[in-house]
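protein-v8.cif (mmCIF, C-alpha atoms and all ligand atoms)
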```cif
data_final
loop_
_atom_site.label_atom_id
_atom_site.label_comp_id
_atom_site.auth_asym_id
_atom_site.auth_seq_id
_atom_site.Cartn_x
_atom_site.Cartn_y
_atom_site.Cartn_z
CA MET A 1 5.24 -45.00 -18.16
CA SER A 2 2.78 -46.62 -20.57
CA LEU A 3 -0.90 -46.21 -21.29
CA GLU A 4 -3.13 -49.25 -21.45
CA ILE A 5 -6.60 -49.04 -22.84
CA ALA A 6 -8.26 -52.24 -21.66
CA ASP A 7 -11.58 -53.56 -22.93
CA LEU A 8 -13.11 -50.13 -23.26
CA SER A 9 -16.74 -49.95 -24.40
CA HIS A 10 -18.86 -46.86 -24.80
CA SER A 11 -22.46 -46.08 -25.75
CA TYR A 12 -24.32 -42.85 -26.33
CA GLY A 13 -27.82 -43.88 -25.22
CA GLU A 14 -28.71 -46.93 -27.30
CA GLY A 15 -25.88 -46.47 -29.80
CA THR A 16 -22.73 -48.47 -29.01
CA VAL A 17 -19.70 -46.64 -30.34
CA LEU A 18 -16.71 -48.48 -28.81
CA ARG A 19 -16.71 -52.25 -28.43
CA SER A 20 -14.22 -53.90 -26.05
CA LEU A 21 -11.39 -51.84 -27.45
CA SER A 22 -7.86 -52.55 -26.19
CA LEU A 23 -4.65 -50.76 -27.11
CA GLY A 24 -1.30 -50.02 -25.54
CA ALA A 25 0.76 -46.87 -26.11
CA ALA A 26 4.38 -46.34 -25.12
CA PRO A 27 6.26 -43.14 -24.16
CA GLY A 28 8.27 -41.38 -26.85
CA GLU A 29 6.05 -43.03 -29.47
CA ILE A 30 3.31 -41.52 -31.58
CA THR A 31 0.29 -43.79 -31.93
CA CYS A 32 -2.10 -42.81 -34.71
CA LEU A 33 -5.77 -43.74 -34.48
CA LEU A 34 -6.83 -44.14 -38.08
CA GLY A 35 -10.40 -44.74 -39.18
CA ALA A 36 -13.36 -43.49 -41.17
CA SER A 37 -15.63 -40.78 -39.88
CA GLY A 38 -17.85 -42.02 -37.07
CA CYS A 39 -15.78 -45.09 -36.11
CA GLY A 40 -15.24 -43.72 -32.59
CA LYS A 41 -11.79 -42.07 -32.67
CA THR A 42 -12.80 -38.83 -30.93
CA THR A 43 -14.88 -40.74 -28.38
CA LEU A 44 -11.77 -42.71 -27.43
CA LEU A 45 -9.72 -39.50 -27.02
CA ARG A 46 -12.46 -37.92 -24.91
CA LEU A 47 -12.55 -40.94 -22.61
CA ILE A 48 -8.78 -40.75 -22.10
CA ALA A 49 -8.94 -36.99 -21.50
CA GLY A 50 -11.75 -37.34 -18.95
CA LEU A 51 -14.27 -35.41 -21.05
CA LEU A 52 -16.49 -38.52 -20.97
CA PRO A 53 -16.88 -41.01 -18.10
CA VAL A 54 -15.61 -44.55 -18.63
CA GLN A 55 -18.65 -46.87 -18.67
CA ALA A 56 -16.93 -50.22 -19.14
CA GLY A 57 -13.29 -51.27 -19.25
CA GLU A 58 -10.30 -49.47 -17.81
CA LEU A 59 -7.58 -46.96 -18.57
CA ARG A 60 -4.25 -47.65 -16.87
CA LEU A 61 -1.22 -45.42 -16.71
CA ASP A 62 1.96 -47.22 -15.76
CA GLY A 63 -0.10 -50.10 -14.40
CA LYS A 64 -2.23 -47.87 -12.14
CA VAL A 65 -5.92 -47.29 -12.85
CA LEU A 66 -6.42 -43.83 -14.33
CA ALA A 67 -10.15 -44.27 -14.98
CA GLY A 68 -12.81 -46.95 -14.92
CA PRO A 69 -16.51 -47.32 -14.11
CA GLY A 70 -17.20 -45.19 -11.01
CA ARG A 71 -13.71 -43.73 -11.07
CA ASN A 72 -13.45 -40.81 -13.44
CA PRO A 73 -11.15 -38.02 -12.35
CA PRO A 74 -11.85 -34.72 -14.14
CA PRO A 75 -9.58 -33.62 -17.01
CA GLU A 76 -7.56 -31.23 -14.84
CA LYS A 77 -6.65 -34.09 -12.52
CA ARG A 78 -5.20 -36.19 -15.35
CA PRO A 79 -1.64 -35.85 -16.69
CA VAL A 80 -3.04 -35.33 -20.16
CA GLY A 81 -2.49 -32.52 -22.71
CA LEU A 82 -4.94 -31.88 -25.55
CA VAL A 83 -4.54 -30.41 -29.03
CA PHE A 84 -7.70 -29.99 -31.07
CA GLN A 85 -8.40 -29.56 -34.78
CA GLU A 86 -8.46 -25.81 -34.41
CA GLY A 87 -5.78 -24.78 -31.93
CA ALA A 88 -8.43 -23.02 -29.80
CA LEU A 89 -5.90 -20.51 -28.45
CA PHE A 90 -7.03 -17.73 -26.12
CA PRO A 91 -7.27 -14.75 -28.49
CA HIS A 92 -6.68 -12.14 -25.76
CA LEU A 93 -3.41 -13.76 -24.60
CA SER A 94 -0.06 -13.47 -26.37
CA VAL A 95 1.73 -16.58 -27.66
CA ALA A 96 3.78 -16.71 -24.45
CA GLY A 97 0.60 -16.14 -22.42
CA ASN A 98 -1.09 -19.07 -24.13
CA VAL A 99 1.85 -21.42 -23.61
CA GLY A 100 2.21 -20.39 -19.96
CA PHE A 101 -1.53 -20.45 -19.23
CA GLY A 102 -1.62 -23.79 -17.40
CA LEU A 103 1.67 -23.33 -15.53
CA VAL A 104 1.77 -22.42 -11.86
CA GLY A 105 3.13 -18.88 -11.69
CA GLY A 106 2.06 -18.02 -15.25
CA VAL A 107 4.40 -16.41 -17.77
CA ARG A 108 6.43 -14.37 -15.29
CA ARG A 109 7.68 -17.35 -13.31
CA ASN A 110 8.13 -19.65 -16.32
CA ARG A 111 9.79 -17.40 -18.88
CA ALA A 112 12.75 -19.76 -19.50
CA ARG A 113 10.53 -22.82 -19.88
CA ILE A 114 8.17 -21.03 -22.24
CA GLU A 115 11.09 -19.78 -24.35
CA ALA A 116 12.52 -23.30 -24.53
CA LEU A 117 9.17 -24.63 -25.74
CA LEU A 118 8.81 -21.84 -28.30
CA ASP A 119 12.35 -22.59 -29.47
CA GLN A 120 11.38 -26.19 -29.97
CA ILE A 121 8.47 -25.25 -32.23
CA GLY A 122 10.47 -22.54 -34.00
CA LEU A 123 8.35 -19.60 -32.79
CA ARG A 124 10.49 -17.89 -30.20
CA GLU A 125 10.40 -14.61 -32.10
CA LYS A 126 6.60 -14.69 -31.94
CA ALA A 127 6.40 -14.82 -28.12
CA ASP A 128 4.67 -11.43 -27.90
CA ALA A 129 2.42 -11.85 -30.97
CA TYR A 130 -1.29 -12.60 -30.64
CA PRO A 131 -3.04 -15.66 -32.15
CA ASN A 132 -4.78 -13.54 -34.80
CA ASP A 133 -1.39 -12.55 -36.20
CA LEU A 134 -0.34 -16.17 -36.75
CA SER A 135 -1.01 -18.56 -39.64
CA GLY A 136 -3.11 -21.67 -39.01
CA GLY A 137 0.02 -23.83 -38.82
CA GLN A 138 1.72 -21.48 -36.38
CA GLN A 139 -1.39 -21.49 -34.18
CA GLN A 140 -1.32 -25.30 -34.13
CA ARG A 141 2.33 -25.25 -33.10
CA VAL A 142 1.49 -22.88 -30.23
CA ALA A 143 -1.38 -25.18 -29.24
CA LEU A 144 1.08 -28.06 -29.14
CA ALA A 145 3.53 -26.05 -27.00
CA ARG A 146 0.68 -25.15 -24.64
CA ALA A 147 -0.31 -28.83 -24.32
CA LEU A 148 3.31 -29.83 -23.68
CA ALA A 149 4.06 -27.02 -21.17
CA PRO A 150 2.92 -28.84 -18.00
CA SER A 151 4.96 -31.93 -19.10
CA PRO A 152 1.95 -34.27 -19.39
CA SER A 153 2.50 -38.01 -19.55
CA VAL A 154 -0.04 -38.28 -22.36
CA VAL A 155 -0.65 -35.89 -25.27
CA LEU A 156 -3.85 -36.32 -27.27
CA LEU A 157 -4.14 -34.70 -30.70
CA ASP A 158 -7.46 -34.68 -32.54
CA GLU A 159 -6.81 -34.09 -36.26
CA PRO A 160 -4.28 -31.34 -35.46
CA PHE A 161 -3.50 -30.64 -39.13
CA ALA A 162 -7.08 -30.51 -40.41
CA SER A 163 -7.26 -26.72 -40.63
CA VAL A 164 -3.79 -26.29 -42.12
CA ASP A 165 -3.34 -26.08 -45.89
CA VAL A 166 -1.77 -29.02 -47.69
CA VAL A 167 1.49 -27.23 -48.49
CA ARG A 168 2.24 -26.38 -44.86
CA ARG A 169 0.81 -29.58 -43.46
CA HIS A 170 3.86 -31.65 -44.41
CA ALA A 171 6.32 -29.34 -42.69
CA LEU A 172 4.05 -29.04 -39.65
CA ARG A 173 3.83 -32.82 -39.36
CA GLU A 174 7.60 -33.09 -39.28
CA GLU A 175 7.93 -30.35 -36.69
CA MET A 176 5.23 -31.81 -34.47
CA ARG A 177 6.68 -35.29 -34.82
CA SER A 178 10.11 -34.21 -33.63
CA ALA A 179 8.68 -32.02 -30.82
CA LEU A 180 6.50 -34.89 -29.54
CA ARG A 181 9.26 -37.45 -29.71
CA ALA A 182 11.69 -35.10 -28.00
CA ARG A 183 9.32 -34.69 -25.03
CA GLY A 184 9.09 -38.46 -24.56
CA ALA A 185 5.35 -38.31 -23.83
CA ILE A 186 2.79 -40.92 -24.88
CA SER A 187 1.23 -39.29 -27.94
CA ILE A 188 -2.06 -40.39 -29.48
CA LEU A 189 -3.06 -38.64 -32.69
CA VAL A 190 -6.38 -39.02 -34.48
CA THR A 191 -6.49 -38.87 -38.26
CA HIS A 192 -8.57 -40.23 -41.10
CA ASP A 193 -5.72 -39.81 -43.59
CA PRO A 194 -3.67 -43.02 -44.09
CA ASP A 195 -0.75 -41.07 -45.60
CA GLU A 196 -0.66 -38.81 -42.57
CA ALA A 197 -0.72 -41.81 -40.23
CA MET A 198 2.18 -43.35 -42.17
CA ALA A 199 4.12 -40.09 -42.11
CA ILE A 200 3.83 -39.34 -38.41
CA GLY A 201 2.98 -42.57 -36.56
CA ASP A 202 5.40 -44.98 -34.91
CA LYS A 203 2.38 -47.19 -34.52
CA ILE A 204 -0.98 -47.08 -36.30
CA ALA A 205 -4.19 -48.45 -34.82
CA VAL A 206 -6.76 -48.97 -37.56
CA MET A 207 -10.31 -48.60 -36.21
CA GLU A 208 -13.50 -49.89 -37.78
CA ALA A 209 -16.91 -49.50 -36.16
CA GLY A 210 -15.63 -49.07 -32.62
CA ARG A 211 -13.00 -51.81 -32.76
CA ILE A 212 -9.30 -51.95 -33.49
CA VAL A 213 -8.76 -54.13 -36.53
CA GLN A 214 -4.96 -54.00 -36.44
CA ALA A 215 -2.41 -52.01 -34.43
CA ASP A 216 1.19 -52.23 -35.52
CA THR A 217 4.09 -50.38 -37.11
CA PRO A 218 3.48 -48.65 -40.46
CA ALA A 219 5.79 -51.20 -42.13
CA THR A 220 3.79 -54.18 -40.84
CA LEU A 221 0.46 -52.62 -41.82
CA TYR A 222 1.82 -52.05 -45.31
CA ASP A 223 3.55 -55.42 -45.73
CA ALA A 224 1.18 -57.68 -43.82
CA PRO A 225 -2.27 -56.13 -43.43
CA ALA A 226 -4.60 -58.23 -41.28
CA THR A 227 -7.58 -57.68 -43.57
CA ALA A 228 -8.16 -56.74 -47.19
CA ALA A 229 -9.70 -53.44 -46.06
CA VAL A 230 -6.56 -52.50 -44.09
CA GLY A 231 -4.48 -53.36 -47.15
CA THR A 232 -6.39 -50.89 -49.32
CA LEU A 233 -5.64 -48.02 -46.94
CA PHE A 234 -1.94 -47.79 -47.71
CA GLY A 235 0.06 -47.32 -50.90
CA ASP A 236 -2.98 -47.26 -53.18
CA GLY A 237 -3.82 -50.88 -52.42
CA GLN A 238 -6.42 -52.33 -54.80
CA LEU A 239 -8.50 -55.48 -54.52
CA VAL A 240 -9.12 -57.84 -57.39
CA ARG A 241 -11.77 -60.52 -56.94
CA ALA A 242 -10.43 -63.90 -58.11
CA ARG A 243 -11.62 -67.48 -58.34
CA ARG A 244 -9.21 -70.26 -57.62
CA ALA A 245 -8.83 -72.78 -60.47
CA GLY A 246 -6.15 -75.35 -59.66
CA ASP A 247 -2.82 -73.52 -59.55
CA SER A 248 -4.32 -70.40 -61.07
CA LEU A 249 -6.43 -67.45 -60.01
CA VAL A 250 -8.96 -66.35 -62.57
CA THR A 251 -9.36 -62.57 -62.46
CA PRO A 252 -11.04 -59.98 -64.72
CA PHE A 253 -7.54 -58.96 -65.89
CA GLY A 254 -6.09 -62.36 -66.77
CA VAL A 255 -5.15 -65.64 -65.15
CA TRP A 256 -2.54 -65.33 -62.38
CA PRO A 257 -0.42 -68.17 -61.02
CA THR A 258 -0.97 -68.89 -57.33
CA ALA A 259 2.76 -69.57 -56.97
CA GLY A 260 3.81 -65.93 -56.58
CA MET A 261 1.24 -64.99 -53.92
CA MET A 262 2.56 -63.78 -50.57
CA ALA A 263 -0.45 -65.25 -48.80
CA LEU A 264 -2.98 -67.68 -50.19
CA PRO A 265 -5.84 -68.82 -47.96
CA GLU A 266 -7.93 -71.89 -48.69
CA GLU A 267 -11.14 -70.23 -49.90
CA ALA A 268 -12.31 -70.73 -53.49
CA VAL A 269 -13.04 -67.02 -53.94
CA LEU A 270 -10.37 -64.53 -52.97
CA ASP A 271 -9.72 -60.81 -52.90
CA VAL A 272 -6.17 -60.23 -54.09
CA LEU A 273 -4.47 -57.10 -52.78
CA VAL A 274 -2.15 -55.51 -55.34
CA ARG A 275 -0.44 -52.13 -55.59
CA PRO A 276 0.01 -50.16 -58.84
CA GLU A 277 3.82 -50.39 -58.86
CA ALA A 278 3.73 -54.16 -58.44
CA LEU A 279 1.70 -54.90 -61.57
CA LEU A 280 2.94 -55.77 -65.05
CA LEU A 281 1.09 -54.98 -68.27
CA GLU A 282 1.28 -57.33 -71.23
CA PRO A 283 -0.13 -56.56 -74.67
CA ASN A 284 -2.49 -59.40 -75.51
CA PRO A 285 -4.92 -59.15 -78.44
CA VAL A 286 -7.39 -61.53 -76.78
CA ALA A 287 -7.10 -60.02 -73.31
CA PRO A 288 -10.29 -59.28 -71.41
CA ALA A 289 -9.24 -55.69 -70.62
CA ARG A 290 -8.23 -52.47 -72.38
CA ILE A 291 -6.18 -49.38 -71.54
CA GLU A 292 -8.61 -46.63 -70.65
CA ASP A 293 -6.37 -43.80 -69.50
CA VAL A 294 -2.67 -42.94 -69.37
CA ARG A 295 -1.31 -40.15 -67.19
CA VAL A 296 2.27 -38.99 -66.66
CA LEU A 297 3.04 -38.73 -62.93
CA GLY A 298 6.51 -37.25 -63.30
CA ARG A 299 8.75 -40.24 -62.71
CA CYS A 300 6.28 -42.85 -63.99
CA LEU A 301 3.09 -43.50 -65.92
CA ARG A 302 -0.22 -44.24 -64.26
CA ILE A 303 -2.25 -46.46 -66.55
CA THR A 304 -5.90 -47.26 -65.89
CA VAL A 305 -7.03 -50.57 -67.32
CA ARG A 306 -10.73 -51.41 -67.60
CA ALA A 307 -11.85 -55.04 -67.72
CA GLU A 308 -14.78 -56.22 -69.84
CA THR A 309 -16.51 -57.04 -66.57
CA GLY A 310 -16.41 -53.33 -65.62
CA GLU A 311 -13.68 -53.24 -62.97
CA ALA A 312 -10.70 -50.91 -63.23
CA LEU A 313 -7.13 -51.37 -62.05
CA ALA A 314 -4.33 -48.78 -61.88
CA VAL A 315 -0.86 -49.80 -62.99
CA GLU A 316 2.34 -47.81 -62.55
CA ALA A 317 4.84 -48.30 -65.36
CA PRO A 318 8.14 -46.69 -66.39
CA ARG A 319 7.89 -43.57 -68.56
CA SER A 320 9.48 -45.61 -71.36
CA GLU A 321 6.57 -48.08 -71.47
CA ALA A 322 4.52 -47.88 -74.66
CA ALA A 323 0.90 -47.63 -73.60
CA THR A 324 -1.74 -46.94 -76.21
CA LEU A 325 -5.29 -46.00 -75.39
CA ASP A 326 -7.79 -48.77 -76.09
CA GLU A 327 -5.03 -51.37 -76.50
CA ARG A 328 -5.95 -54.83 -75.19
CA VAL A 329 -3.73 -55.84 -72.28
CA SER A 330 -3.61 -58.39 -69.55
CA ILE A 331 -2.19 -57.60 -66.12
CA ARG A 332 -0.36 -59.79 -63.68
CA PRO A 333 1.29 -59.06 -60.34
CA LYS A 334 5.06 -59.26 -60.05
CA LEU A 335 6.33 -62.34 -58.26
CA GLY A 336 5.59 -62.14 -54.53
CA ALA A 337 3.57 -58.94 -54.88
CA GLY A 338 0.00 -60.22 -54.45
CA ARG A 339 -1.57 -61.03 -51.11
CA ALA A 340 -4.86 -62.92 -51.17
CA PHE A 341 -7.64 -62.75 -48.59
CA GLY A 342 -10.40 -65.34 -48.41
CA VAL A 343 -13.92 -64.15 -49.19
CA PRO A 344 -16.49 -65.94 -47.00
CA ALA A 345 -18.83 -68.15 -49.03
CA ALA A 346 -21.78 -66.08 -47.78
CA GLU A 347 -20.43 -63.07 -49.71
CA THR A 348 -20.02 -64.86 -53.04
CA PRO A 349 -22.57 -66.00 -55.61
CA SER A 350 -23.01 -69.63 -56.68
CA PRO A 351 -20.32 -70.92 -59.04
CA PRO A 352 -21.16 -70.70 -62.73
CA PRO A 353 -21.54 -73.71 -64.98
CA SER A 354 -18.13 -73.20 -66.69
CA GLY A 355 -15.21 -75.12 -65.17
CA PRO A 356 -11.60 -74.28 -64.47
CA SER A 357 -10.29 -75.68 -67.76
CA GLU A 358 -12.23 -73.10 -69.76
CA ALA A 359 -11.15 -70.33 -67.45
CA SER A 360 -7.48 -71.05 -67.91
CA SER A 361 -7.61 -70.77 -71.71
CA PRO A 362 -5.76 -67.70 -73.04
CA GLY A 363 -7.66 -64.51 -72.62
CA ALA A 364 -10.61 -66.08 -70.82
CA THR A 365 -11.95 -64.18 -67.86
CA GLY A 366 -13.92 -67.01 -66.31
CA TRP A 367 -16.24 -66.25 -63.43
CA VAL A 368 -14.95 -63.81 -60.90
CA GLY A 369 -17.88 -63.04 -58.67
CA ALA A 370 -20.70 -60.58 -58.91
CA THR A 371 -19.38 -57.53 -57.11
CA PRO A 372 -15.61 -57.46 -57.07
CA LYS A 373 -14.22 -54.67 -54.95
CA VAL A 374 -11.62 -53.32 -57.29
CA GLY A 375 -9.73 -50.04 -56.78
CA PRO A 376 -7.96 -48.03 -57.94
CA LEU A 377 -9.30 -45.12 -56.03
CA ARG A 378 -9.56 -45.30 -52.31
CA SER A 379 -11.47 -42.75 -50.32
CA ARG A 380 -9.27 -40.29 -48.52
CA GLY A 381 -12.14 -39.19 -46.36
N1 LIG B 1 -22.48 -36.74 -27.76
C1 LIG B 1 -22.91 -37.67 -28.60
N2 LIG B 1 -24.17 -38.14 -28.51
C2 LIG B 1 -24.61 -39.11 -29.35
N3 LIG B 1 -23.86 -39.68 -30.31
C3 LIG B 1 -22.60 -39.25 -30.46
C4 LIG B 1 -22.06 -38.21 -29.61
N4 LIG B 1 -20.77 -38.01 -29.98
C5 LIG B 1 -20.54 -38.85 -31.01
N5 LIG B 1 -21.63 -39.58 -31.28
C6 LIG B 1 -21.73 -40.62 -32.34
O1 LIG B 1 -20.77 -41.62 -32.05
C7 LIG B 1 -20.16 -42.11 -33.23
C8 LIG B 1 -18.66 -41.96 -33.12
O2 LIG B 1 -18.34 -40.56 -33.06
P1 LIG B 1 -16.83 -40.06 -32.97
O3 LIG B 1 -16.88 -38.56 -32.99
O4 LIG B 1 -16.16 -40.71 -31.83
O5 LIG B 1 -16.25 -40.63 -34.34
P2 LIG B 1 -14.92 -40.21 -35.12
O6 LIG B 1 -14.31 -41.48 -35.59
O7 LIG B 1 -14.07 -39.32 -34.28
O8 LIG B 1 -15.52 -39.40 -36.34
P3 LIG B 1 -14.90 -38.12 -37.12
O9 LIG B 1 -13.68 -38.61 -37.85
O10 LIG B 1 -16.01 -37.73 -38.04
O11 LIG B 1 -14.61 -37.07 -36.09
C9 LIG B 1 -20.78 -41.33 -34.38
O12 LIG B 1 -21.80 -42.11 -34.93
C10 LIG B 1 -21.36 -40.10 -33.71
O13 LIG B 1 -22.48 -39.65 -34.40
#
```

Can you dump the structure from the file as structure tokens?
Ligand SMILES: Nc1ncnc2c1ncn2[C@@H]1O[C@H](COP(=O)(O)OP(=O)(O)OP(=O)(O)O)[C@@H](O)[C@H]1O
Amino acid sequence: MSLEIADLSHSYGEGTVLRSLSLGAAPGEITCLLGASGCGKTTLLRLIAGLLPVQAGELRLDGKVLAGPGRNPPPEKRPVGLVFQEGALFPHLSVAGNVGFGLVGGVRRNRARIEALLDQIGLREKADAYPNDLSGGQQQRVALARALAPSPSVVLLDEPFASVDVVRRHALREEMRSALRARGAISILVTHDPDEAMAIGDKIAVMEAGRIVQADTPATLYDAPATAAVGTLFGDGQLVRARRAGDSLVTPFGVWPTAGMMALPEEAVLDVLVRPEALLLEPNPVAPARIEDVRVLGRCLRITVRAETGEALAVEAPRSEAATLDERVSIRPKLGAGRAFGVPAAETPSPPPSGPSEASSPGATGWVGATPKVGPLRSRG
């Protein structure tokens, strides 16, 4: 049993929200839809659930058409379970009553099944409690058990941890992950938190403006992002604008050899993706950058370096590293740690009069473009 989303497009009136979106999801796997607010994640879930009619494209379950233009079975006719941001439990029903709500024969005829589900989410002793007596996390676990009770082929979860506090969220993720995997259903979970997607997803589909930019395992998204923007989502990825000068890349933080780059496209202007733990600081009295801030993050230091051109870069260094505020430093990526992405000529200003030879002199910054997109802080939505 697999779910295929094929060439799905959707518009609300004049506004197109999904554009020829295709994605496959396998049973026993959790697929995370990750994207900024408004990119169309909830719309996609609603189309799969049958809460919106499919206008263009097709949904197929195990090769058979589940929905398409002119063929839109209502939600109750689809083998789909839903978990929303707020569990939306029935307040007048007990925990067992909520879990058994959609089952033929209700609680009385399904006692064993309901108890097994409550066992799985660790809430068997709460079977007779009412939703108001439960914490937010417990309510979400009951909502998951209710969605799983009719053994749906597909489980859709729309930001299921959003209303749960950060401390409990981690434990809840783990519990939900094992419950979902144990059921073997096709699970699709919406989130705008990259760390959450990494923590719970077997596969992550990154969405941007109604399209899927990349769908792959968390490891592949981290190691080989398809675009610079995808690279910045995970592991505090930062972009440094660089100009190619022979075998060097001229950046606001020093001149980097091209030799150690994991990927190096042809373009003259590049955005180099680097992560804080893969950068090296070097004291350099003529460097074009200074240490602006040093924070102790327990096992390591987090050092913010500000270039004369205005950009900042975060570097993680061992606690033993001597880092002095205002000290001039240059930065370079460790061998094999930088991944460059070409910047289309249309997005870069005209080259300056100075040539590569000047740029490669010690401490020179050279020209690096007008609006480099440099981290270190990514938006966590
Ligand atoms: N019923 C509707 N009528 C008109 N426009 C809508 C409707 N529902 C959503 N939209 C618009 O469609 C776009 C995508 O919305 P959607 O809720 O799918 O995004 P999302 O990625 O889930 O966002 P969020 O993370 O904020 O929930 C948004 O611009 C939204 O304003």

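With only C-alpha atoms and all ligand atoms as the basis for measurement, A:His192 is the residue among A:His192, A:Arg302, A:Arg243, A:Lys64 that approaches ligand LIG 1 (chain B) most closely.
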
Worksheet item: Within 10 Å of Asp133 in chain A, counting only C-alpha atoms, which residues qualify if same-chain residues fewer than 6 places away don't, as a VMD selection string?
Response: chain A and resid 91 94 to 95 126 139

Practice prompt. Determine, counting only C-alpha atoms, every residue of protein, DNA or RNA that lies within 6 Å of (3.4, -46.0, -17.6) in the file coordinates, then give the result as a VMD selection string.
Written response: chain A and resid 1 to 3 61 to 62

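Residue nearest ligand LIG 1 (chain B), chosen from A:Arg181, A:Arg211, A:Arg108, A:Lys203 and counting all atoms listed in the file: A:Arg211.
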
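Between ligand LIG 1 (chain B) and the candidates A:Gly28, A:Gly210, A:Pro150, A:Gly68, the tightest atom-to-atom separation, counting all atoms listed in the file, involves A:Gly210.
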
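Residues with at least one atom no more than 12 Å from (11.8, -30.3, -35.3), using all atoms listed in the file, are Leu117, Leu118, Asp119, Gln120, Ile121, Gly122, Leu123, Arg141, Ala171, Leu172, Arg173, Glu174, Glu175, Met176, Arg177, Ser178, Ala179, Leu180, Arg181, Ala182 and Arg183 of chain A.
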
Go ahead and save the residues from that selection, with C-alpha atoms, as a PDB file, keeping the file's coordinate frame.
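Result file follows (part13.pdb):
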```
ATOM      1  CA  LEU A 117       9.170 -24.630 -25.740  1.00  0.00           C
ATOM      2  CA  LEU A 118       8.810 -21.840 -28.300  1.00  0.00           C
ATOM      3  CA  ASP A 119      12.350 -22.590 -29.470  1.00  0.00           C
ATOM      4  CA  GLN A 120      11.380 -26.190 -29.970  1.00  0.00           C
ATOM      5  CA  ILE A 121       8.470 -25.250 -32.230  1.00  0.00           C
ATOM      6  CA  GLY A 122      10.470 -22.540 -34.000  1.00  0.00           C
ATOM      7  CA  LEU A 123       8.350 -19.600 -32.790  1.00  0.00           C
ATOM      8  CA  ARG A 141       2.330 -25.250 -33.100  1.00  0.00           C
ATOM      9  CA  ALA A 171       6.320 -29.340 -42.690  1.00  0.00           C
ATOM     10  CA  LEU A 172       4.050 -29.040 -39.650  1.00  0.00           C
ATOM     11  CA  ARG A 173       3.830 -32.820 -39.360  1.00  0.00           C
ATOM     12  CA  GLU A 174       7.600 -33.090 -39.280  1.00  0.00           C
ATOM     13  CA  GLU A 175       7.930 -30.350 -36.690  1.00  0.00           C
ATOM     14  CA  MET A 176       5.230 -31.810 -34.470  1.00  0.00           C
ATOM     15  CA  ARG A 177       6.680 -35.290 -34.820  1.00  0.00           C
ATOM     16  CA  SER A 178      10.110 -34.210 -33.630  1.00  0.00           C
ATOM     17  CA  ALA A 179       8.680 -32.020 -30.820  1.00  0.00           C
ATOM     18  CA  LEU A 180       6.500 -34.890 -29.540  1.00  0.00           C
ATOM     19  CA  ARG A 181       9.260 -37.450 -29.710  1.00  0.00           C
ATOM     20  CA  ALA A 182      11.690 -35.100 -28.000  1.00  0.00           C
ATOM     21  CA  ARG A 183       9.320 -34.690 -25.030  1.00  0.00           C
TER      22      ARG A 183
END
```

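If all atoms listed in the file are the atoms counted, then among A:Gly24, A:Gly97, A:Gly40, A:Pro73 the closest residue to ligand LIG 1 (chain B) is A:Gly40.
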